[in-house]
Amino acid sequence: MHAAWMMGHGLRAWTDSRCDSVIELFRMKQRPEKREVTIISRRMPHHSRFSGYDRLVDYIEGHIISPPSQWTLPKKLAGRICSPLVKHSGCRWYHREGMITEMSAVRQWLSSRKRVFHFLYGENSFRYLGAMKAVDRQNRIVCTYHTPPEKFLDGIRKREFIKRLDALVVVSTMQMEMFSSLIDPERIYFVPHGVDVQYFRPVEKTGSADDVFRCLFVGSHLRDMDTLAESARILGEYAPHIMIRVITSPDYHVHFKGLGNVEVLSGVSDDQLLKYYQTADLFLLPLIECTANNGLLEAMSCGLPIISTDLQGVRDYVDERCAVLARRGEPEAFTEMVLAVAGDGEKRAAMAKASREQAHSFSWDVIAKKMCRLYDDLA
């Protein structure tokens, strides 16, 4: 009897174990397969060492393909041979660097299976790899696009190749409608731009000994320099204690000529840029258009209240707790907002706290996890 009971008990245990194994195997089959990743990256020369979308490679494990840092003779020859393909790409921003990186991606495509190829700057780097879909390796292609729709349509005249993408990532919801006319909307994903919240961080302000209220403006691309300059002129007349530090390309210095309340700088070091963020009282960012903006995210991460332009690409990243938004091209309204925030220390402190909190939702750790889920979903 005892032996029979032991045999029955052992049989039940073995059966339960087998059932558990079958259930676990079923669960494993239901989980998305983790894919190997190749990231086709590039560094924009105007970005600081701690800025830029290419920072994503520091948070995602994978193989990195970058444009050549040195043009060796073989690479020069390859670039020359492929120049007709560059010329006929139909993409204004696609040059020989993009061709060389795509050639590297082709070589890896042929030796890989079930790999994700992610082009961080689709405008500059992706054009021909989609043709490799004819070589069925079950690889997948992802592209991130950063350009506002009007500029994109003007700069990329041949667009059929976009249909070969398995996933198209936008950094602003304002891009989605335009891309929905070029590719199946189900393949379009909004994954925000990220920011290094460890580097761009606030410091405790001790107060200004000279009673100067310091505003900061950073950047050149798609900035509304006319609105900023006119607002500075008005502020110089009615609130001379408000100073504006403008960090921009030398080409734009002329906008601020003769304005005594504006300090214009170019070519500042990374450490100096961080110091300017940390010592400012308010961040000003009038824009012509916007998808994602490094300066906006960095200012938020440093705990600055924001005054910017009411655009969808801005609203994707800020809310009313941390930012005040003016209609585009209205310097008088923009100036009124500057005066209102500068004159309300309690509101400014609340906005500063909210900016830092909001920035954490765009930390590169968070964005990298979103991107990795996208890669896994492609399995």
# chains A, B, ... in the order shown; residues from 1 in each chain; ligands from 1

call {"tool": "select_by_dssp", "arguments": {"residues": "range 195-358 of chain A", "states": "alpha helix (DSSP H)", "output": "JSON, numbers by chain"}}
result
{"A": [225, 226, 227, 228, 229, 230, 231, 232, 233, 234, 235, 236, 237, 238, 270, 271, 272, 273, 274, 275, 276, 277, 278, 279, 294, 295, 296, 297, 298, 299, 300, 301, 312, 313, 314, 315, 331, 332, 333, 334, 335, 336, 337, 338, 339, 340, 341, 342, 345, 346, 347, 348, 349, 350, 351, 352, 353, 354, 355, 356, 357, 358]}

call {"tool": "residues_around", "arguments": {"residues": "Glu160 in chain A", "least_positions_apart": "4", "cutoff": "12 Å", "atoms": "only C-alpha atoms", "output": "number ranges by chain"}}
result
A: 89-91, 127-128, 130-131, 156, 164-165, 179, 181-183

call {"tool": "select_by_dssp", "arguments": {"residues": "range 120-358 of chain A", "states": "strand (DSSP E)", "output": "number ranges by chain"}}
result
A: 140-145, 167-170, 188-190, 213-218, 242-247, 262-265, 282-285, 306-309, 323-326

call {"tool": "write_last_selection", "arguments": {"atoms": "N, CA and C atoms", "output": "short mmCIF file (atom, residue, chain, number, x, y, z; two decimals), in the first residue's frame"}}
result
data_model
loop_
_atom_site.label_atom_id
_atom_site.label_comp_id
_atom_site.auth_asym_id
_atom_site.auth_seq_id
_atom_site.Cartn_x
_atom_site.Cartn_y
_atom_site.Cartn_z
N ARG A 140 14.81 43.32 -40.41
CA ARG A 140 13.83 44.40 -40.36
C ARG A 140 14.55 45.75 -40.40
N ILE A 141 13.88 46.76 -40.96
CA ILE A 141 14.45 48.09 -41.09
C ILE A 141 13.58 49.10 -40.35
N VAL A 142 14.22 49.90 -39.51
CA VAL A 142 13.56 50.97 -38.76
C VAL A 142 14.28 52.28 -39.10
N CYS A 143 13.51 53.34 -39.29
CA CYS A 143 14.10 54.66 -39.52
C CYS A 143 13.44 55.67 -38.60
N THR A 144 14.26 56.56 -38.04
CA THR A 144 13.72 57.71 -37.32
C THR A 144 13.87 58.94 -38.21
N TYR A 145 12.78 59.71 -38.30
CA TYR A 145 12.79 60.96 -39.08
C TYR A 145 12.54 62.14 -38.15
N ALA A 167 9.24 49.72 -39.75
CA ALA A 167 8.77 50.66 -38.72
C ALA A 167 9.38 52.02 -39.00
N LEU A 168 8.56 53.05 -38.89
CA LEU A 168 9.00 54.42 -39.08
C LEU A 168 8.74 55.17 -37.77
N VAL A 169 9.81 55.71 -37.19
CA VAL A 169 9.71 56.39 -35.90
C VAL A 169 9.69 57.89 -36.13
N VAL A 170 8.73 58.56 -35.53
CA VAL A 170 8.68 60.02 -35.54
C VAL A 170 8.96 60.52 -34.13
N ILE A 188 3.86 53.27 -38.18
CA ILE A 188 4.40 54.53 -37.68
C ILE A 188 4.31 54.54 -36.15
N TYR A 189 5.43 54.86 -35.51
CA TYR A 189 5.52 54.87 -34.06
C TYR A 189 6.03 56.23 -33.58
N PHE A 190 5.39 56.78 -32.57
CA PHE A 190 5.90 57.98 -31.93
C PHE A 190 6.74 57.56 -30.72
N PHE A 213 18.06 89.77 -14.12
CA PHE A 213 17.26 88.58 -14.42
C PHE A 213 17.78 88.02 -15.74
N ARG A 214 18.25 86.77 -15.72
CA ARG A 214 18.96 86.22 -16.87
C ARG A 214 18.10 85.22 -17.64
N CYS A 215 17.91 85.54 -18.92
CA CYS A 215 17.23 84.64 -19.85
C CYS A 215 18.27 83.98 -20.75
N LEU A 216 17.95 82.79 -21.23
CA LEU A 216 18.86 82.07 -22.12
C LEU A 216 18.13 81.61 -23.36
N PHE A 217 18.82 81.73 -24.49
CA PHE A 217 18.32 81.22 -25.77
C PHE A 217 19.47 80.42 -26.39
N VAL A 218 19.15 79.23 -26.93
CA VAL A 218 20.19 78.36 -27.51
C VAL A 218 19.73 77.85 -28.87
N ILE A 242 16.33 92.85 -17.38
CA ILE A 242 16.24 91.52 -17.98
C ILE A 242 17.27 91.42 -19.10
N MET A 243 18.23 90.54 -18.92
CA MET A 243 19.29 90.33 -19.91
C MET A 243 19.06 88.99 -20.62
N ILE A 244 19.42 88.93 -21.89
CA ILE A 244 19.24 87.71 -22.68
C ILE A 244 20.59 87.26 -23.22
N ARG A 245 20.97 86.06 -22.86
CA ARG A 245 22.19 85.46 -23.42
C ARG A 245 21.77 84.58 -24.59
N VAL A 246 22.30 84.87 -25.77
CA VAL A 246 21.94 84.16 -27.00
C VAL A 246 23.15 83.36 -27.46
N ILE A 247 23.00 82.04 -27.53
CA ILE A 247 24.06 81.16 -28.04
C ILE A 247 23.58 80.62 -29.38
N VAL A 262 21.45 92.25 -24.79
CA VAL A 262 21.66 90.91 -25.36
C VAL A 262 23.16 90.63 -25.44
N GLU A 263 23.57 89.48 -24.93
CA GLU A 263 24.94 88.98 -25.09
C GLU A 263 24.88 87.83 -26.09
N VAL A 264 25.61 87.95 -27.20
CA VAL A 264 25.56 86.94 -28.24
C VAL A 264 26.87 86.15 -28.26
N LEU A 265 26.76 84.83 -28.22
CA LEU A 265 27.94 83.96 -28.16
C LEU A 265 27.83 82.85 -29.20
N LEU A 282 15.36 81.78 -16.84
CA LEU A 282 14.25 81.52 -17.75
C LEU A 282 14.82 81.14 -19.12
N PHE A 283 14.18 80.17 -19.78
CA PHE A 283 14.63 79.74 -21.10
C PHE A 283 13.65 80.24 -22.15
N LEU A 284 14.17 80.93 -23.16
CA LEU A 284 13.36 81.49 -24.25
C LEU A 284 13.60 80.69 -25.52
N LEU A 285 12.54 80.27 -26.18
CA LEU A 285 12.71 79.49 -27.40
C LEU A 285 11.60 79.79 -28.42
N ILE A 306 10.00 77.55 -19.08
CA ILE A 306 10.10 77.66 -20.54
C ILE A 306 9.07 78.65 -21.06
N ILE A 307 9.54 79.53 -21.97
CA ILE A 307 8.61 80.31 -22.79
C ILE A 307 8.96 80.00 -24.24
N SER A 308 8.01 79.45 -24.98
CA SER A 308 8.28 79.02 -26.34
C SER A 308 7.07 79.32 -27.22
N THR A 309 7.08 78.72 -28.40
CA THR A 309 6.03 78.95 -29.39
C THR A 309 5.01 77.82 -29.34
N ALA A 323 5.67 75.29 -18.92
CA ALA A 323 5.91 76.16 -20.07
C ALA A 323 4.71 77.07 -20.34
N VAL A 324 5.02 78.24 -20.86
CA VAL A 324 4.02 79.17 -21.37
C VAL A 324 4.29 79.34 -22.85
N LEU A 325 3.25 79.20 -23.67
CA LEU A 325 3.43 79.19 -25.12
C LEU A 325 2.70 80.35 -25.77
N ALA A 326 3.42 81.02 -26.68
CA ALA A 326 2.86 82.15 -27.44
C ALA A 326 2.62 81.73 -28.88
#

call {"tool": "residues_around", "arguments": {"residues": "range 36-49 of chain A", "least_positions_apart": "5", "cutoff": "9 Å", "atoms": "only C-alpha atoms", "output": "number ranges by chain"}}
result
A: 54-55, 57, 60-67, 101-102, 105, 108, 113-121, 124-126, 219, 269-270, 273, 294, 375

call {"tool": "residues_around", "arguments": {"residues": "range 234-238 of chain A", "least_positions_apart": "2", "cutoff": "10 Å", "atoms": "only C-alpha atoms", "output": "list in words"}}
result
Ala229, Glu230, Ser231, Ala232, Pro240, His241, Ile242, Met243, Ile244, Leu259, Gly260, Asn261, Val262, Pro331, Glu332, Thr335, Glu336, Val338 and Leu339 of chain A

call {"tool": "closest_residue", "arguments": {"among": "A:Asp136, A:Ser355, A:Ser301, A:Gln198", "to": "Asp319 in chain A", "atoms": "only C-alpha atoms"}}
result
A:Ser355

call {"tool": "closest_residue", "arguments": {"among": "A:Phe200, A:Phe334, A:Tyr276, A:Trp109", "to": "Ser51 in chain A", "atoms": "only C-alpha atoms"}}
result
A:Phe200

call {"tool": "atom_distance", "arguments": {"atom1": "CA of Met174 in chain A", "atom2": "CA of Glu150 in chain A"}}
result
11.1 Å

call {"tool": "residues_around", "arguments": {"residues": "Arg96 in chain A", "least_positions_apart": "4", "cutoff": "9 Å", "atoms": "only C-alpha atoms", "output": "JSON, numbers by chain"}}
result
{"A": [78, 79, 80, 82, 83, 86, 100, 101]}

call {"tool": "closest_residue", "arguments": {"among": "A:Thr227, A:Ser111, A:Gln278, A:Ser220", "to": "Pro250 in chain A", "atoms": "only C-alpha atoms"}}
result
A:Ser220

call {"tool": "atom_distance", "arguments": {"atom1": "CA of Arg35 in chain A", "atom2": "CA of Arg137 in chain A"}}
result
12.9 Å

call {"tool": "closest_residue", "arguments": {"among": "A:Arg157, A:His146, A:His221, A:His255", "to": "His193 in chain A", "atoms": "only C-alpha atoms"}}
result
A:His146

call {"tool": "closest_residue", "arguments": {"among": "A:Glu357, A:Glu97, A:Asp344, A:Asp271", "to": "Leu297 in chain A", "atoms": "only C-alpha atoms"}}
result
A:Glu357

call {"tool": "atom_distance", "arguments": {"atom1": "CA of Gln312 in chain A", "atom2": "CA of Ala359 in chain A"}}
result
17.2 Å

call {"tool": "closest_residue", "arguments": {"among": "A:Met132, A:Arg92, A:Gly122, A:Thr248", "to": "Val106 in chain A", "atoms": "only C-alpha atoms"}}
result
A:Met132

call {"tool": "residues_around", "arguments": {"residues": "Ala350 in chain A", "least_positions_apart": "2", "cutoff": "10 Å", "atoms": "only C-alpha atoms", "output": "list of chain:residue names"}}
result
A:Gly303, A:Pro305, A:Arg321, A:Cys322, A:Gly345, A:Glu346, A:Lys347, A:Arg348, A:Ala352, A:Lys353, A:Ala354, A:Ser355

call {"tool": "write_last_selection", "arguments": {"atoms": "C-alpha atoms", "output": "PDB file, in the first residue's frame"}}
result
ATOM      1  CA  GLY A 303      15.000  72.874 -14.266  1.00  0.00           C
ATOM      2  CA  PRO A 305      10.841  77.568 -16.795  1.00  0.00           C
ATOM      3  CA  ARG A 321       2.947  73.304 -15.590  1.00  0.00           C
ATOM      4  CA  CYS A 322       6.422  73.994 -16.978  1.00  0.00           C
ATOM      5  CA  GLY A 345       8.931  84.204  -8.366  1.00  0.00           C
ATOM      6  CA  GLU A 346       6.458  81.691  -6.941  1.00  0.00           C
ATOM      7  CA  LYS A 347       5.155  80.707 -10.376  1.00  0.00           C
ATOM      8  CA  ARG A 348       8.709  80.516 -11.694  1.00  0.00           C
ATOM      9  CA  ALA A 352      11.204  75.028 -12.650  1.00  0.00           C
ATOM     10  CA  LYS A 353      10.264  72.018 -10.536  1.00  0.00           C
ATOM     11  CA  ALA A 354       7.765  70.814 -13.134  1.00  0.00           C
ATOM     12  CA  SER A 355      10.347  71.153 -15.920  1.00  0.00           C
TER      13      SER A 355
END

call {"tool": "decode", "arguments": {"residues": "range 84-212 of chain A", "atoms": "C-alpha atoms", "output": "PDB file, in the first residue's frame"}}
result
ATOM      1  CA  PRO A  84      25.574  58.124 -59.422  1.00  0.00           C
ATOM      2  CA  LEU A  85      23.417  56.419 -56.766  1.00  0.00           C
ATOM      3  CA  VAL A  86      23.891  59.399 -54.460  1.00  0.00           C
ATOM      4  CA  LYS A  87      23.035  61.812 -57.257  1.00  0.00           C
ATOM      5  CA  HIS A  88      19.850  59.958 -58.170  1.00  0.00           C
ATOM      6  CA  SER A  89      18.725  59.246 -54.610  1.00  0.00           C
ATOM      7  CA  GLY A  90      16.194  62.076 -54.689  1.00  0.00           C
ATOM      8  CA  CYS A  91      17.271  63.032 -51.150  1.00  0.00           C
ATOM      9  CA  ARG A  92      18.844  66.434 -50.537  1.00  0.00           C
ATOM     10  CA  TRP A  93      20.570  65.288 -47.341  1.00  0.00           C
ATOM     11  CA  TYR A  94      21.836  61.937 -48.638  1.00  0.00           C
ATOM     12  CA  HIS A  95      25.559  62.172 -49.462  1.00  0.00           C
ATOM     13  CA  ARG A  96      28.463  59.780 -49.895  1.00  0.00           C
ATOM     14  CA  GLU A  97      28.670  59.271 -46.099  1.00  0.00           C
ATOM     15  CA  GLY A  98      25.154  57.835 -46.203  1.00  0.00           C
ATOM     16  CA  MET A  99      26.077  55.609 -49.129  1.00  0.00           C
ATOM     17  CA  ILE A 100      29.128  54.226 -47.310  1.00  0.00           C
ATOM     18  CA  THR A 101      27.116  53.430 -44.166  1.00  0.00           C
ATOM     19  CA  GLU A 102      24.414  51.718 -46.237  1.00  0.00           C
ATOM     20  CA  MET A 103      27.080  49.611 -47.954  1.00  0.00           C
ATOM     21  CA  SER A 104      28.290  48.503 -44.513  1.00  0.00           C
ATOM     22  CA  ALA A 105      24.700  47.674 -43.586  1.00  0.00           C
ATOM     23  CA  VAL A 106      24.313  45.592 -46.785  1.00  0.00           C
ATOM     24  CA  ARG A 107      27.350  43.501 -45.859  1.00  0.00           C
ATOM     25  CA  GLN A 108      25.919  42.828 -42.413  1.00  0.00           C
ATOM     26  CA  TRP A 109      22.468  42.110 -43.864  1.00  0.00           C
ATOM     27  CA  LEU A 110      23.919  39.274 -45.957  1.00  0.00           C
ATOM     28  CA  SER A 111      25.566  37.686 -42.922  1.00  0.00           C
ATOM     29  CA  SER A 112      22.648  38.203 -40.494  1.00  0.00           C
ATOM     30  CA  ARG A 113      19.225  36.764 -39.881  1.00  0.00           C
ATOM     31  CA  LYS A 114      16.343  38.314 -37.940  1.00  0.00           C
ATOM     32  CA  ARG A 115      18.354  41.470 -37.244  1.00  0.00           C
ATOM     33  CA  VAL A 116      16.928  44.984 -36.829  1.00  0.00           C
ATOM     34  CA  PHE A 117      18.676  47.773 -38.751  1.00  0.00           C
ATOM     35  CA  HIS A 118      17.825  51.156 -37.217  1.00  0.00           C
ATOM     36  CA  PHE A 119      18.787  54.351 -39.067  1.00  0.00           C
ATOM     37  CA  LEU A 120      18.855  57.115 -36.448  1.00  0.00           C
ATOM     38  CA  TYR A 121      18.700  59.881 -39.074  1.00  0.00           C
ATOM     39  CA  GLY A 122      16.632  58.538 -41.930  1.00  0.00           C
ATOM     40  CA  GLU A 123      16.896  61.780 -43.887  1.00  0.00           C
ATOM     41  CA  ASN A 124      20.680  61.454 -44.106  1.00  0.00           C
ATOM     42  CA  SER A 125      21.388  57.736 -44.096  1.00  0.00           C
ATOM     43  CA  PHE A 126      18.582  55.570 -45.512  1.00  0.00           C
ATOM     44  CA  ARG A 127      17.826  55.149 -49.178  1.00  0.00           C
ATOM     45  CA  TYR A 128      18.762  51.798 -50.739  1.00  0.00           C
ATOM     46  CA  LEU A 129      18.911  49.124 -48.015  1.00  0.00           C
ATOM     47  CA  GLY A 130      15.214  48.361 -48.511  1.00  0.00           C
ATOM     48  CA  ALA A 131      16.100  46.701 -51.809  1.00  0.00           C
ATOM     49  CA  MET A 132      17.705  43.923 -49.749  1.00  0.00           C
ATOM     50  CA  LYS A 133      14.204  42.771 -48.801  1.00  0.00           C
ATOM     51  CA  ALA A 134      14.470  40.729 -52.004  1.00  0.00           C
ATOM     52  CA  VAL A 135      17.141  38.712 -50.163  1.00  0.00           C
ATOM     53  CA  ASP A 136      14.875  37.199 -47.540  1.00  0.00           C
ATOM     54  CA  ARG A 137      16.896  37.123 -44.326  1.00  0.00           C
ATOM     55  CA  GLN A 138      13.900  38.110 -42.159  1.00  0.00           C
ATOM     56  CA  ASN A 139      15.791  41.251 -41.206  1.00  0.00           C
ATOM     57  CA  ARG A 140      13.834  44.401 -40.357  1.00  0.00           C
ATOM     58  CA  ILE A 141      14.453  48.093 -41.089  1.00  0.00           C
ATOM     59  CA  VAL A 142      13.564  50.973 -38.764  1.00  0.00           C
ATOM     60  CA  CYS A 143      14.096  54.657 -39.525  1.00  0.00           C
ATOM     61  CA  THR A 144      13.724  57.711 -37.323  1.00  0.00           C
ATOM     62  CA  TYR A 145      12.795  60.956 -39.081  1.00  0.00           C
ATOM     63  CA  HIS A 146      13.278  64.381 -37.515  1.00  0.00           C
ATOM     64  CA  THR A 147      12.267  66.872 -40.205  1.00  0.00           C
ATOM     65  CA  PRO A 148       8.969  68.817 -40.204  1.00  0.00           C
ATOM     66  CA  PRO A 149       6.619  67.718 -43.014  1.00  0.00           C
ATOM     67  CA  GLU A 150       7.006  70.709 -45.324  1.00  0.00           C
ATOM     68  CA  LYS A 151      10.776  70.584 -45.151  1.00  0.00           C
ATOM     69  CA  PHE A 152      10.778  66.801 -45.541  1.00  0.00           C
ATOM     70  CA  LEU A 153       8.668  66.878 -48.698  1.00  0.00           C
ATOM     71  CA  ASP A 154      10.901  69.575 -50.160  1.00  0.00           C
ATOM     72  CA  GLY A 155      14.137  67.742 -49.312  1.00  0.00           C
ATOM     73  CA  ILE A 156      13.137  64.177 -50.243  1.00  0.00           C
ATOM     74  CA  ARG A 157      11.589  64.165 -53.685  1.00  0.00           C
ATOM     75  CA  LYS A 158      11.605  60.390 -54.328  1.00  0.00           C
ATOM     76  CA  ARG A 159       9.725  58.651 -51.528  1.00  0.00           C
ATOM     77  CA  GLU A 160       8.725  55.193 -52.749  1.00  0.00           C
ATOM     78  CA  PHE A 161      11.582  53.583 -50.787  1.00  0.00           C
ATOM     79  CA  ILE A 162       9.876  54.541 -47.514  1.00  0.00           C
ATOM     80  CA  LYS A 163       7.265  51.821 -48.122  1.00  0.00           C
ATOM     81  CA  ARG A 164       9.991  49.230 -47.550  1.00  0.00           C
ATOM     82  CA  LEU A 165      10.349  50.211 -43.893  1.00  0.00           C
ATOM     83  CA  ASP A 166       9.052  47.829 -41.241  1.00  0.00           C
ATOM     84  CA  ALA A 167       8.774  50.656 -38.722  1.00  0.00           C
ATOM     85  CA  LEU A 168       9.001  54.423 -39.077  1.00  0.00           C
ATOM     86  CA  VAL A 169       9.710  56.389 -35.903  1.00  0.00           C
ATOM     87  CA  VAL A 170       8.684  60.019 -35.541  1.00  0.00           C
ATOM     88  CA  VAL A 171       9.845  62.315 -32.736  1.00  0.00           C
ATOM     89  CA  SER A 172       6.678  64.427 -32.869  1.00  0.00           C
ATOM     90  CA  THR A 173       3.055  63.549 -33.436  1.00  0.00           C
ATOM     91  CA  MET A 174       2.875  66.427 -35.936  1.00  0.00           C
ATOM     92  CA  GLN A 175       4.789  64.222 -38.427  1.00  0.00           C
ATOM     93  CA  MET A 176       2.305  61.369 -38.388  1.00  0.00           C
ATOM     94  CA  GLU A 177      -0.311  62.693 -40.802  1.00  0.00           C
ATOM     95  CA  MET A 178       2.220  63.335 -43.566  1.00  0.00           C
ATOM     96  CA  PHE A 179       3.911  59.942 -43.189  1.00  0.00           C
ATOM     97  CA  SER A 180       0.516  58.208 -43.146  1.00  0.00           C
ATOM     98  CA  SER A 181       0.213  59.183 -46.806  1.00  0.00           C
ATOM     99  CA  LEU A 182       3.505  57.408 -47.577  1.00  0.00           C
ATOM    100  CA  ILE A 183       3.368  54.235 -45.470  1.00  0.00           C
ATOM    101  CA  ASP A 184       0.837  52.084 -43.611  1.00  0.00           C
ATOM    102  CA  PRO A 185      -0.064  54.097 -40.471  1.00  0.00           C
ATOM    103  CA  GLU A 186       0.247  50.925 -38.379  1.00  0.00           C
ATOM    104  CA  ARG A 187       3.979  50.990 -39.070  1.00  0.00           C
ATOM    105  CA  ILE A 188       4.396  54.534 -37.683  1.00  0.00           C
ATOM    106  CA  TYR A 189       5.524  54.872 -34.056  1.00  0.00           C
ATOM    107  CA  PHE A 190       5.900  57.981 -31.926  1.00  0.00           C
ATOM    108  CA  VAL A 191       8.975  57.525 -29.724  1.00  0.00           C
ATOM    109  CA  PRO A 192      10.113  60.861 -28.251  1.00  0.00           C
ATOM    110  CA  HIS A 193      13.606  62.287 -28.359  1.00  0.00           C
ATOM    111  CA  GLY A 194      15.643  61.789 -25.191  1.00  0.00           C
ATOM    112  CA  VAL A 195      17.856  63.849 -22.904  1.00  0.00           C
ATOM    113  CA  ASP A 196      20.746  63.049 -20.569  1.00  0.00           C
ATOM    114  CA  VAL A 197      19.164  63.915 -17.218  1.00  0.00           C
ATOM    115  CA  GLN A 198      22.333  62.972 -15.336  1.00  0.00           C
ATOM    116  CA  TYR A 199      24.455  65.536 -17.185  1.00  0.00           C
ATOM    117  CA  PHE A 200      21.856  68.258 -17.728  1.00  0.00           C
ATOM    118  CA  ARG A 201      20.797  68.799 -14.134  1.00  0.00           C
ATOM    119  CA  PRO A 202      19.823  71.811 -12.025  1.00  0.00           C
ATOM    120  CA  VAL A 203      21.974  73.338  -9.308  1.00  0.00           C
ATOM    121  CA  GLU A 204      20.863  75.352  -6.320  1.00  0.00           C
ATOM    122  CA  LYS A 205      20.720  79.019  -7.262  1.00  0.00           C
ATOM    123  CA  THR A 206      22.143  81.475  -4.738  1.00  0.00           C
ATOM    124  CA  GLY A 207      20.474  84.554  -6.240  1.00  0.00           C
ATOM    125  CA  SER A 208      21.935  87.357  -8.308  1.00  0.00           C
ATOM    126  CA  ALA A 209      24.014  89.974  -6.529  1.00  0.00           C
ATOM    127  CA  ASP A 210      23.436  92.472  -9.344  1.00  0.00           C
ATOM    128  CA  ASP A 211      19.617  92.155  -9.532  1.00  0.00           C
ATOM    129  CA  VAL A 212      19.889  91.026 -13.139  1.00  0.00           C
TER     130      VAL A 212
END
